[in-house]
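Below: final.tsv (TSV, C-alpha atoms and all ligand atoms)
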```
chain	number	residue	atom	x	y	z
A	35	MET	CA	-31.16	-19.95	5.70
A	36	THR	CA	-28.88	-17.18	7.02
A	37	SER	CA	-28.28	-14.09	4.90
A	38	VAL	CA	-24.62	-15.13	4.48
A	39	ALA	CA	-25.64	-18.56	3.14
A	40	ARG	CA	-28.18	-16.89	0.82
A	41	HIS	CA	-25.48	-14.50	-0.39
A	42	PHE	CA	-23.15	-17.40	-1.33
A	43	LEU	CA	-25.99	-19.27	-3.03
A	44	VAL	CA	-26.67	-16.22	-5.22
A	45	ILE	CA	-22.96	-15.92	-6.07
A	46	ARG	CA	-22.68	-19.62	-6.93
A	47	ARG	CA	-25.80	-19.48	-9.14
A	48	HIS	CA	-24.50	-16.47	-11.08
A	49	LEU	CA	-20.87	-17.55	-11.33
A	50	SER	CA	-21.78	-19.93	-14.13
A	51	ALA	CA	-22.76	-16.87	-16.24
A	52	VAL	CA	-19.22	-15.49	-15.88
A	53	PRO	CA	-16.28	-16.60	-18.05
A	54	ALA	CA	-13.93	-18.88	-16.09
A	55	ASP	CA	-11.09	-16.34	-16.05
A	56	LEU	CA	-13.31	-13.75	-14.31
A	57	GLN	CA	-14.76	-16.04	-11.65
A	58	SER	CA	-11.96	-15.30	-9.18
A	59	VAL	CA	-12.75	-11.59	-9.55
A	60	VAL	CA	-16.31	-12.21	-8.35
A	61	THR	CA	-15.12	-14.38	-5.48
A	62	SER	CA	-12.59	-11.78	-4.34
A	63	LEU	CA	-15.03	-8.86	-4.67
A	64	THR	CA	-17.55	-10.64	-2.48
A	65	SER	CA	-15.08	-11.97	0.11
A	66	HIS	CA	-14.85	-10.60	3.64
A	67	ARG	CA	-11.74	-8.57	2.72
A	68	LYS	CA	-13.06	-7.01	-0.48
A	69	HIS	CA	-10.37	-7.04	-3.14
A	70	VAL	CA	-9.62	-7.75	-6.80
A	71	PRO	CA	-6.79	-9.95	-8.03
A	72	HIS	CA	-3.90	-7.68	-8.98
A	73	TRP	CA	-3.84	-8.99	-12.57
A	74	TYR	CA	-7.36	-7.63	-13.12
A	75	LEU	CA	-5.86	-4.11	-13.40
A	76	TYR	CA	-4.22	-5.15	-16.69
A	77	ASP	CA	-6.59	-5.40	-19.62
A	78	THR	CA	-5.28	-3.97	-22.91
A	79	ARG	CA	-6.07	-0.38	-21.96
A	80	GLY	CA	-4.76	-0.92	-18.42
A	81	SER	CA	-1.49	-2.25	-19.85
A	82	GLU	CA	-1.16	0.73	-22.20
A	83	ILE	CA	-1.79	3.21	-19.38
A	84	TYR	CA	0.66	1.37	-17.08
A	85	GLU	CA	3.37	1.61	-19.73
A	86	GLU	CA	2.68	5.33	-20.30
A	87	ILE	CA	2.89	6.02	-16.55
A	88	VAL	CA	6.11	4.08	-15.90
A	89	ARG	CA	7.82	5.64	-18.92
A	90	SER	CA	6.90	9.23	-18.04
A	91	SER	CA	6.62	9.44	-14.23
A	92	SER	CA	9.11	11.72	-12.50
A	93	THR	CA	8.50	9.99	-9.14
A	94	TYR	CA	8.21	6.30	-10.08
A	95	ARG	CA	11.67	5.61	-11.51
A	96	LEU	CA	11.65	1.82	-11.73
A	97	TRP	CA	11.53	1.68	-15.52
A	98	ASN	CA	14.66	3.80	-15.93
A	99	HIS	CA	16.61	2.05	-13.16
A	100	GLU	CA	15.86	-1.40	-14.54
A	101	TYR	CA	16.46	-0.51	-18.18
A	102	THR	CA	19.88	0.93	-17.34
A	103	LEU	CA	20.84	-2.10	-15.22
A	104	LEU	CA	19.79	-4.50	-17.98
A	105	GLN	CA	21.61	-2.57	-20.68
A	106	THR	CA	24.77	-2.59	-18.57
A	107	HIS	CA	24.74	-6.19	-17.35
A	108	VAL	CA	22.82	-8.30	-19.83
A	109	LYS	CA	25.96	-9.44	-21.62
A	110	ASP	CA	27.36	-10.80	-18.30
A	111	ILE	CA	24.24	-12.93	-18.03
A	112	VAL	CA	23.96	-14.09	-21.65
A	113	ASP	CA	27.68	-14.87	-22.00
A	114	LYS	CA	27.61	-17.26	-19.03
A	115	MET	CA	24.87	-19.35	-20.59
A	116	PRO	CA	25.41	-22.21	-23.06
A	117	SER	CA	25.83	-20.96	-26.60
A	118	ALA	CA	23.30	-23.18	-28.40
A	119	ARG	CA	19.51	-23.69	-28.34
A	120	THR	CA	18.54	-21.03	-25.85
A	121	MET	CA	15.11	-19.50	-25.47
A	122	LEU	CA	13.92	-16.36	-23.70
A	123	VAL	CA	10.81	-16.58	-21.49
A	124	GLU	CA	9.35	-13.56	-19.71
A	125	LEU	CA	6.75	-13.57	-16.94
A	126	GLY	CA	4.50	-10.48	-16.96
A	127	SER	CA	6.09	-9.18	-20.15
A	128	GLY	CA	3.64	-6.30	-20.74
A	129	ALA	CA	5.04	-3.96	-23.40
A	130	SER	CA	8.39	-5.86	-23.42
A	131	SER	CA	10.02	-2.44	-23.56
A	132	LYS	CA	12.90	-3.36	-21.24
A	133	THR	CA	13.29	-6.76	-22.88
A	134	ARG	CA	14.80	-5.25	-26.02
A	135	PRO	CA	18.42	-5.09	-24.73
A	136	VAL	CA	18.08	-8.76	-23.70
A	137	ILE	CA	16.64	-9.79	-27.08
A	138	GLU	CA	19.44	-7.92	-28.84
A	139	ALA	CA	22.20	-9.49	-26.71
A	140	MET	CA	20.76	-12.98	-27.29
A	141	LEU	CA	20.31	-12.42	-31.02
A	142	GLU	CA	23.89	-11.21	-31.23
A	143	ARG	CA	25.13	-14.37	-29.47
A	144	HIS	CA	22.81	-16.96	-31.05
A	145	GLY	CA	21.82	-15.46	-34.40
A	146	ALA	CA	18.17	-16.47	-33.94
A	147	LEU	CA	15.89	-16.59	-30.91
A	148	THR	CA	12.52	-17.83	-29.66
A	149	TYR	CA	10.86	-15.50	-27.15
A	150	VAL	CA	7.85	-16.59	-25.07
A	151	PRO	CA	6.19	-13.61	-23.36
A	152	VAL	CA	3.75	-14.73	-20.65
A	153	ASP	CA	1.11	-12.26	-19.54
A	154	ILE	CA	-2.52	-12.20	-18.47
A	155	ALA	CA	-3.17	-9.33	-20.93
A	156	LYS	CA	-3.40	-11.74	-23.88
A	157	ASP	CA	-4.59	-9.35	-26.63
A	158	TYR	CA	-2.02	-6.76	-25.60
A	159	ILE	CA	1.00	-9.10	-25.73
A	160	GLU	CA	-0.17	-10.59	-29.03
A	161	GLU	CA	-0.02	-7.10	-30.55
A	162	ILE	CA	3.40	-6.45	-28.93
A	163	SER	CA	4.63	-9.83	-30.27
A	164	ARG	CA	3.70	-8.89	-33.83
A	165	GLU	CA	5.56	-5.58	-33.43
A	166	LEU	CA	8.68	-7.37	-32.12
A	167	GLU	CA	8.68	-9.85	-35.01
A	168	ARG	CA	8.45	-6.95	-37.48
A	169	GLU	CA	11.34	-5.23	-35.68
A	170	TYR	CA	13.74	-8.22	-35.38
A	171	SER	CA	13.95	-10.50	-38.42
A	172	ASN	CA	15.47	-13.51	-36.61
A	173	LEU	CA	13.10	-13.42	-33.67
A	174	LYS	CA	10.22	-15.86	-33.32
A	175	VAL	CA	7.68	-14.78	-30.69
A	176	GLU	CA	5.26	-17.30	-29.15
A	177	PRO	CA	3.02	-15.30	-26.77
A	178	PHE	CA	1.26	-17.15	-23.96
A	179	GLY	CA	-1.79	-15.34	-22.56
A	180	GLY	CA	-2.37	-16.56	-19.01
A	181	LEU	CA	-1.19	-16.60	-15.40
A	182	TYR	CA	2.51	-16.67	-14.49
A	183	MET	CA	2.70	-20.27	-13.33
A	184	ASP	CA	0.58	-21.57	-16.22
A	185	GLY	CA	3.17	-19.95	-18.48
A	186	CYS	CA	6.00	-21.68	-16.57
A	187	ARG	CA	4.24	-25.04	-16.92
A	188	HIS	CA	3.67	-24.32	-20.60
A	189	VAL	CA	7.43	-24.03	-21.30
A	190	ALA	CA	8.65	-26.54	-18.68
A	191	SER	CA	8.97	-29.43	-21.12
A	192	ARG	CA	10.83	-27.41	-23.76
A	193	THR	CA	14.37	-28.73	-24.11
A	194	GLU	CA	16.06	-25.41	-24.98
A	195	THR	CA	18.11	-23.73	-22.26
A	196	LYS	CA	15.94	-20.99	-20.76
A	197	LEU	CA	16.61	-17.46	-19.71
A	198	LEU	CA	13.56	-16.61	-17.62
A	199	LEU	CA	12.90	-12.91	-16.96
A	200	PHE	CA	10.61	-11.55	-14.26
A	201	LEU	CA	10.99	-7.76	-14.48
A	202	GLY	CA	9.28	-4.57	-13.35
A	203	SER	CA	9.22	-5.74	-9.71
A	204	SER	CA	6.15	-7.77	-10.74
A	205	PHE	CA	7.33	-10.50	-8.36
A	206	GLY	CA	6.74	-7.99	-5.55
A	207	ASN	CA	3.02	-7.91	-6.47
A	208	VAL	CA	2.71	-11.64	-5.74
A	209	PRO	CA	1.16	-12.13	-2.26
A	210	VAL	CA	4.06	-12.10	0.16
A	211	ASP	CA	3.35	-15.57	1.57
A	212	GLU	CA	3.19	-17.06	-1.96
A	213	GLN	CA	6.57	-15.68	-3.05
A	214	LEU	CA	8.78	-18.44	-1.64
A	215	PRO	CA	6.50	-21.29	-2.90
A	216	MET	CA	6.43	-19.60	-6.32
A	217	LEU	CA	10.24	-19.43	-6.51
A	218	GLU	CA	10.46	-23.06	-5.37
A	219	GLU	CA	8.06	-24.11	-8.12
A	220	ILE	CA	9.97	-22.10	-10.74
A	221	ASN	CA	13.19	-23.72	-9.51
A	222	ALA	CA	11.65	-27.17	-10.03
A	223	TYR	CA	11.04	-26.37	-13.72
A	224	LEU	CA	14.60	-25.18	-14.40
A	225	THR	CA	17.87	-27.01	-15.07
A	226	ALA	CA	21.38	-26.04	-13.96
A	227	GLN	CA	21.92	-24.40	-17.38
A	228	ASP	CA	18.90	-22.10	-17.03
A	229	ARG	CA	18.85	-18.65	-15.44
A	230	LEU	CA	16.15	-16.68	-13.65
A	231	VAL	CA	16.56	-12.90	-13.78
A	232	LEU	CA	14.49	-10.89	-11.31
A	233	GLY	CA	14.12	-7.11	-11.21
A	234	LEU	CA	13.10	-5.91	-7.73
A	235	ASP	CA	12.34	-2.57	-6.14
A	236	MET	CA	14.55	-1.69	-3.17
A	237	ASN	CA	13.21	1.78	-2.44
A	238	THR	CA	12.26	1.89	1.24
A	239	ASP	CA	12.24	5.65	1.66
A	240	ARG	CA	8.68	6.14	2.96
A	241	GLU	CA	8.08	9.60	1.52
A	242	ALA	CA	9.57	8.78	-1.87
A	243	VAL	CA	7.55	5.56	-2.08
A	244	ILE	CA	4.26	7.28	-1.24
A	245	ARG	CA	5.07	10.05	-3.75
A	246	ALA	CA	5.73	7.40	-6.40
A	247	TYR	CA	2.36	5.71	-5.92
A	248	VAL	CA	0.10	8.70	-5.50
A	249	ALA	CA	-1.16	9.80	-8.91
A	250	GLU	CA	0.64	12.87	-10.21
A	251	HIS	CA	-2.59	14.45	-11.39
A	252	LYS	CA	-4.78	13.54	-8.42
A	253	ARG	CA	-6.86	10.84	-10.17
A	254	CYS	CA	-5.02	7.83	-11.49
A	255	PRO	CA	-6.17	6.99	-15.04
A	256	TRP	CA	-5.02	3.41	-14.49
A	257	LEU	CA	-7.38	2.91	-11.53
A	258	ASP	CA	-10.21	4.72	-13.33
A	259	ASN	CA	-9.70	2.22	-16.17
A	260	PHE	CA	-10.03	-0.63	-13.67
A	261	VAL	CA	-13.46	0.66	-12.53
A	262	GLU	CA	-14.54	1.04	-16.16
A	263	ARG	CA	-13.43	-2.54	-16.85
A	264	LEU	CA	-15.36	-3.84	-13.86
A	265	ASN	CA	-18.52	-2.02	-14.97
A	266	LYS	CA	-18.10	-3.37	-18.51
A	267	ASP	CA	-17.37	-6.98	-17.51
A	268	PHE	CA	-20.26	-7.21	-15.03
A	269	ASP	CA	-22.69	-4.56	-16.30
A	270	GLY	CA	-21.96	-2.64	-13.11
A	271	ASP	CA	-22.62	0.87	-11.85
A	272	MET	CA	-19.56	1.48	-9.65
A	273	ASP	CA	-18.92	5.23	-9.47
A	274	LYS	CA	-15.17	5.86	-9.60
A	275	MET	CA	-15.68	9.36	-8.15
A	276	ALA	CA	-17.14	7.81	-4.99
A	277	PHE	CA	-13.85	6.05	-4.13
A	278	ASP	CA	-10.53	7.61	-3.10
A	279	ASP	CA	-7.23	6.09	-4.17
A	280	THR	CA	-5.27	5.46	-0.95
A	281	VAL	CA	-1.63	4.45	-0.50
A	282	GLU	CA	0.11	3.29	2.68
A	283	PHE	CA	3.66	2.10	3.28
A	284	ILE	CA	4.08	-0.77	5.74
A	285	GLU	CA	7.67	-0.97	6.94
A	286	ASN	CA	9.26	-4.35	7.81
A	287	PRO	CA	5.90	-5.74	8.90
A	288	ALA	CA	6.72	-9.07	10.53
A	289	ASP	CA	10.42	-9.78	10.83
A	290	LYS	CA	13.68	-9.02	9.07
A	291	ASP	CA	12.99	-11.65	6.39
A	292	THR	CA	9.70	-10.03	5.29
A	293	PRO	CA	9.92	-7.10	2.87
A	294	SER	CA	8.30	-3.73	3.46
A	295	TYR	CA	5.38	-3.11	1.16
A	296	VAL	CA	2.99	-0.62	-0.33
A	297	GLN	CA	-0.66	-1.22	0.32
A	298	GLN	CA	-3.04	0.38	-2.16
A	299	TYR	CA	-6.80	0.41	-2.01
A	300	LEU	CA	-9.87	2.34	-3.09
A	301	LYS	CA	-11.66	3.79	-0.07
A	302	SER	CA	-15.40	4.26	-0.27
A	303	SER	CA	-16.07	7.94	0.47
A	304	THR	CA	-19.64	7.22	1.55
A	305	MET	CA	-22.03	4.38	2.36
A	306	GLN	CA	-22.98	3.02	-1.04
A	307	ARG	CA	-24.28	0.04	-2.98
A	308	VAL	CA	-22.66	-1.20	-6.20
A	309	HIS	CA	-24.83	-3.30	-8.53
A	310	LEU	CA	-23.28	-5.95	-10.76
A	311	ARG	CA	-26.35	-6.53	-12.91
A	312	LYS	CA	-24.87	-9.36	-14.96
A	313	LEU	CA	-24.56	-11.35	-11.72
A	314	GLY	CA	-27.71	-10.08	-10.05
A	315	LEU	CA	-25.39	-9.08	-7.22
A	316	THR	CA	-25.16	-6.03	-5.01
A	317	ILE	CA	-22.07	-5.16	-3.01
A	318	ASP	CA	-22.48	-2.81	-0.07
A	319	PHE	CA	-19.66	-0.54	1.02
A	320	ALA	CA	-19.66	1.22	4.38
A	321	ALA	CA	-18.21	4.75	4.46
A	322	GLY	CA	-14.42	4.31	4.62
A	323	GLU	CA	-14.53	0.64	3.61
A	324	ARG	CA	-11.64	-0.54	1.47
A	325	LEU	CA	-11.44	-2.33	-1.85
A	326	TYR	CA	-7.89	-3.71	-2.01
A	327	LEU	CA	-6.10	-3.97	-5.35
A	328	SER	CA	-4.15	-7.13	-4.54
A	329	GLU	CA	-4.86	-10.63	-3.27
A	330	GLY	CA	-2.29	-10.42	-0.48
A	331	PRO	CA	-1.60	-7.58	1.98
A	332	ASN	CA	1.14	-6.29	-0.32
A	333	TYR	CA	0.36	-4.30	-3.43
A	334	SER	CA	4.08	-3.98	-4.09
A	335	CYS	CA	7.06	-5.21	-2.04
A	336	LYS	CA	10.25	-3.25	-1.37
A	337	TYR	CA	13.20	-5.51	-0.56
A	338	SER	CA	16.54	-5.18	1.18
A	339	GLU	CA	19.54	-6.98	-0.31
A	340	TYR	CA	19.44	-9.37	2.65
A	341	GLN	CA	15.80	-10.25	1.92
A	342	VAL	CA	16.49	-10.92	-1.77
A	343	ARG	CA	19.47	-13.16	-0.99
A	344	HIS	CA	17.56	-14.92	1.76
A	345	LEU	CA	14.63	-15.69	-0.59
A	346	ALA	CA	17.04	-17.00	-3.22
A	347	GLU	CA	18.82	-19.22	-0.71
A	348	LYS	CA	15.58	-20.62	0.74
A	349	SER	CA	14.26	-21.48	-2.73
A	350	ASN	CA	17.53	-23.22	-3.59
A	351	PHE	CA	18.96	-20.71	-6.04
A	352	ALA	CA	22.55	-19.44	-6.11
A	353	VAL	CA	23.02	-15.73	-6.76
A	354	GLU	CA	25.23	-15.44	-9.86
A	355	GLY	CA	24.82	-11.68	-10.26
A	356	PHE	CA	23.41	-8.92	-8.06
A	357	TRP	CA	23.42	-5.43	-9.55
A	358	THR	CA	21.97	-2.23	-8.14
A	359	ASN	CA	21.80	1.31	-9.42
A	360	GLU	CA	23.95	3.98	-7.75
A	361	ASP	CA	21.61	4.81	-4.90
A	362	ALA	CA	20.62	1.13	-4.46
A	363	LYS	CA	16.94	1.77	-5.10
A	364	TYR	CA	16.54	-1.12	-7.54
A	365	CYS	CA	18.25	-4.43	-8.22
A	366	VAL	CA	18.53	-6.91	-11.06
A	367	VAL	CA	19.45	-10.38	-9.80
A	368	CYS	CA	20.59	-13.39	-11.81
A	369	LEU	CA	19.78	-16.74	-10.16
A	370	VAL	CA	20.92	-20.27	-11.01
A	371	PRO	CA	19.21	-23.38	-9.59
A	372	ASN	CA	21.40	-25.19	-7.05
A	373	ASN	CA	22.01	-28.93	-6.72
A	374	LYS	CA	20.76	-30.03	-10.14
A	401	LIG	C1	4.16	-4.47	-13.09
A	401	LIG	S1	3.71	-4.88	-14.73
A	401	LIG	C2	5.28	-5.12	-15.47
A	401	LIG	C3	5.28	-5.05	-16.97
A	401	LIG	C4	6.66	-5.14	-17.61
A	401	LIG	N1	7.31	-6.41	-17.32
A	401	LIG	C5	7.53	-4.03	-17.10
A	401	LIG	O1	8.50	-4.32	-16.41
A	401	LIG	O2	7.25	-2.86	-17.40
A	401	LIG	C6	3.10	-6.54	-14.49
A	401	LIG	C7	2.76	-7.28	-15.76
A	401	LIG	O3	2.40	-8.62	-15.40
A	401	LIG	C8	1.10	-8.95	-15.88
A	401	LIG	N2	0.49	-9.72	-14.79
A	401	LIG	C9	0.13	-9.29	-13.56
A	401	LIG	N3	-0.26	-10.31	-12.79
A	401	LIG	C10	-0.15	-11.43	-13.56
A	401	LIG	C11	-0.36	-12.81	-13.30
A	401	LIG	N4	-0.77	-13.25	-12.10
A	401	LIG	N5	-0.12	-13.69	-14.31
A	401	LIG	C12	0.30	-13.24	-15.54
A	401	LIG	N6	0.53	-11.95	-15.83
A	401	LIG	C13	0.32	-11.05	-14.84
A	401	LIG	C14	0.41	-7.65	-16.17
A	401	LIG	O4	-0.52	-7.78	-17.22
A	401	LIG	C15	1.58	-6.71	-16.53
A	401	LIG	O5	1.86	-6.74	-17.90
```
Transcribe the structure of this file into structure tokens.
Amino acid sequence: MTSVARHFLVIRRHLSAVPADLQSVVTSLTSHRKHVPHWYLYDTRGSEIYEEIVRSSSTYRLWNHEYTLLQTHVKDIVDKMPSARTMLVELGSGASSKTRPVIEAMLERHGALTYVPVDIAKDYIEEISRELEREYSNLKVEPFGGLYMDGCRHVASRTETKLLLFLGSSFGNVPVDEQLPMLEEINAYLTAQDRLVLGLDMNTDREAVIRAYVAEHKRCPWLDNFVERLNKDFDGDMDKMAFDDTVEFIENPADKDTPSYVQQYLKSSTMQRVHLRKLGLTIDFAAGERLYLSEGPNYSCKYSEYQVRHLAEKSNFAVEGFWTNEDAKYCVVCLVPNNK
């Protein structure tokens, strides 16, 4: 038996000891292009740190841009929708901190509202849901802890008209070649009354983008948390100090339809071996070898207006609203399914 075949046999034998939701982490860590699924960065602590960073960063301004755009334009969106039996669904809801203006506009219009936040960080969104219900008396929150498309399938048969939010440029973390199929599948679950609202990063200024992704205080607490999670989940001994956080900006990689993107990875500073004792697995890193923090090449996409409109058109959505902030670094887009 070759060493590669032996390696896969070991992985298969030990996978059964790993909870189903973590099996893809093992597969990705041991694949030829070592990586972790992007969602693995968001356990409860990861989600808390993410929220702290996006709310306080002076270089990563997405939160402020998107919050302002939503506050300004949410009424345009809500007022165009039917007035009765409407529900709010949000993919990758996290702290739901930018959702508040939307909840308030919908409560004002409908009097009562059901909100379904969908997020892989199940414990975190359950806590956030309880907070929201305490804050808004006519709001019913039904959190769904799981992957984006499982959440879409979960609400697909609901008969209420849906306003589906996908904020924080989270769509830009989806592997670039899965973005169009994902929009097509979302489209298939929606009716002509429903709306999909996407928030997308449009910042393509190389220096500003790199500045935004490089940790302000040298080490990124969010990525350190990821290493701690990995060690906890798999009884591992990965040394976070032996990896450097590296950011690259890849401009218009393939053609004019493909967005530019940030690539982020941990680079092994030396030749080293990481043990995942729970799996009986060792993972060898050569000096300089990368551990990518996303399934696809893109950690985070940066779109032009043309690319956003093109994606919408190809996935059979009409653009009902397209709003950008003053320096066009961020957009909020309201999409309606065509031909239904
Ligand atoms: C970039 S953050 C955005 C959070 C929040 N919407 C905001 O705008 O600040 C992405 C969110 O999506 C969740 N997430 C990431 N990948 C996911 C996936 N494949 N399925 C479900 N949730 C995911 C994360 O837990 C996190 O809360």
List all protein, DNA and RNA residues that have any atom at most 7 Å from ligand LIG 401 (chain A), counting all atoms listed in the file, and write the list as number ranges by chain. A: 72-73, 76-77, 81, 85, 97, 125-132, 152-155, 180-182, 200-204
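As for atom CA of A:Asp55 and atom CA of A:Ala249, they are spaced 28.9 Å apart.
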Give the answer as one residue: which of A:Arg168, A:Arg119, A:His309, A:Lys266 has the shortest atom-to-atom distance to A:Leu147, using only C-alpha atoms? A:Arg119
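Taking all atoms listed in the file into account, A:Ile162 lies nearest to A:Thr78 out of the set A:Val70, A:Leu232, A:Thr78, A:Thr238.
Near A:Gln341, within 10 Å and counting only C-alpha atoms, sit Lys290, Asp291, Thr292, Pro293 and Glu347 of chain A, not including residues fewer than 6 positions from it in the same chain.
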Centre and edge lengths of an axis-aligned box around all listed atoms of stretch 322-325 of chain A, with 4 Å added on each side, are to be given in Å to one decimal, as lines of an AutoDock Vina configuration file.
```
center_x = -13.0
center_y = 1.0
center_z = 1.4
size_x = 11.1
size_y = 14.6
size_z = 14.5
```
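When all atoms listed in the file are used to measure the gap to A:Glu176, the shortest distance among A:Leu122, A:Ala54, A:Val108, A:Val261 belongs to A:Leu122.
If you measure from each of A:Lys109, A:Lys336, A:Arg79, A:Arg89 to A:Gly233 using all atoms listed in the file, the closest one turns out to be A:Lys336.
Look at A:Leu369: the protein and nucleic acid residues within 7 Å of it, using all atoms listed in the file and passing over chain neighbours fewer than 4 places away, are Arg229, Leu230, Val231, Phe351, Ala352, Val353 and Glu354 of chain A.
Reported to one decimal place, the separation of atom CA of A:Tyr74 from atom CA of A:Asp211 is 19.8 Å.
Atom pair atom CA of A:Tyr333 / atom CA of A:Asn207 has a distance of 5.4 Å (rounded to one decimal).
Shortest atom-to-atom contact with A:Met272 among A:Pro53, A:Arg67, A:Thr316, A:Asp239: A:Thr316, counting all atoms listed in the file.
Here the question is which of A:Asp258, A:Glu194, A:Glu212, A:Asp318 gets nearest to A:Ile83 using only C-alpha atoms, and that residue is A:Asp258.
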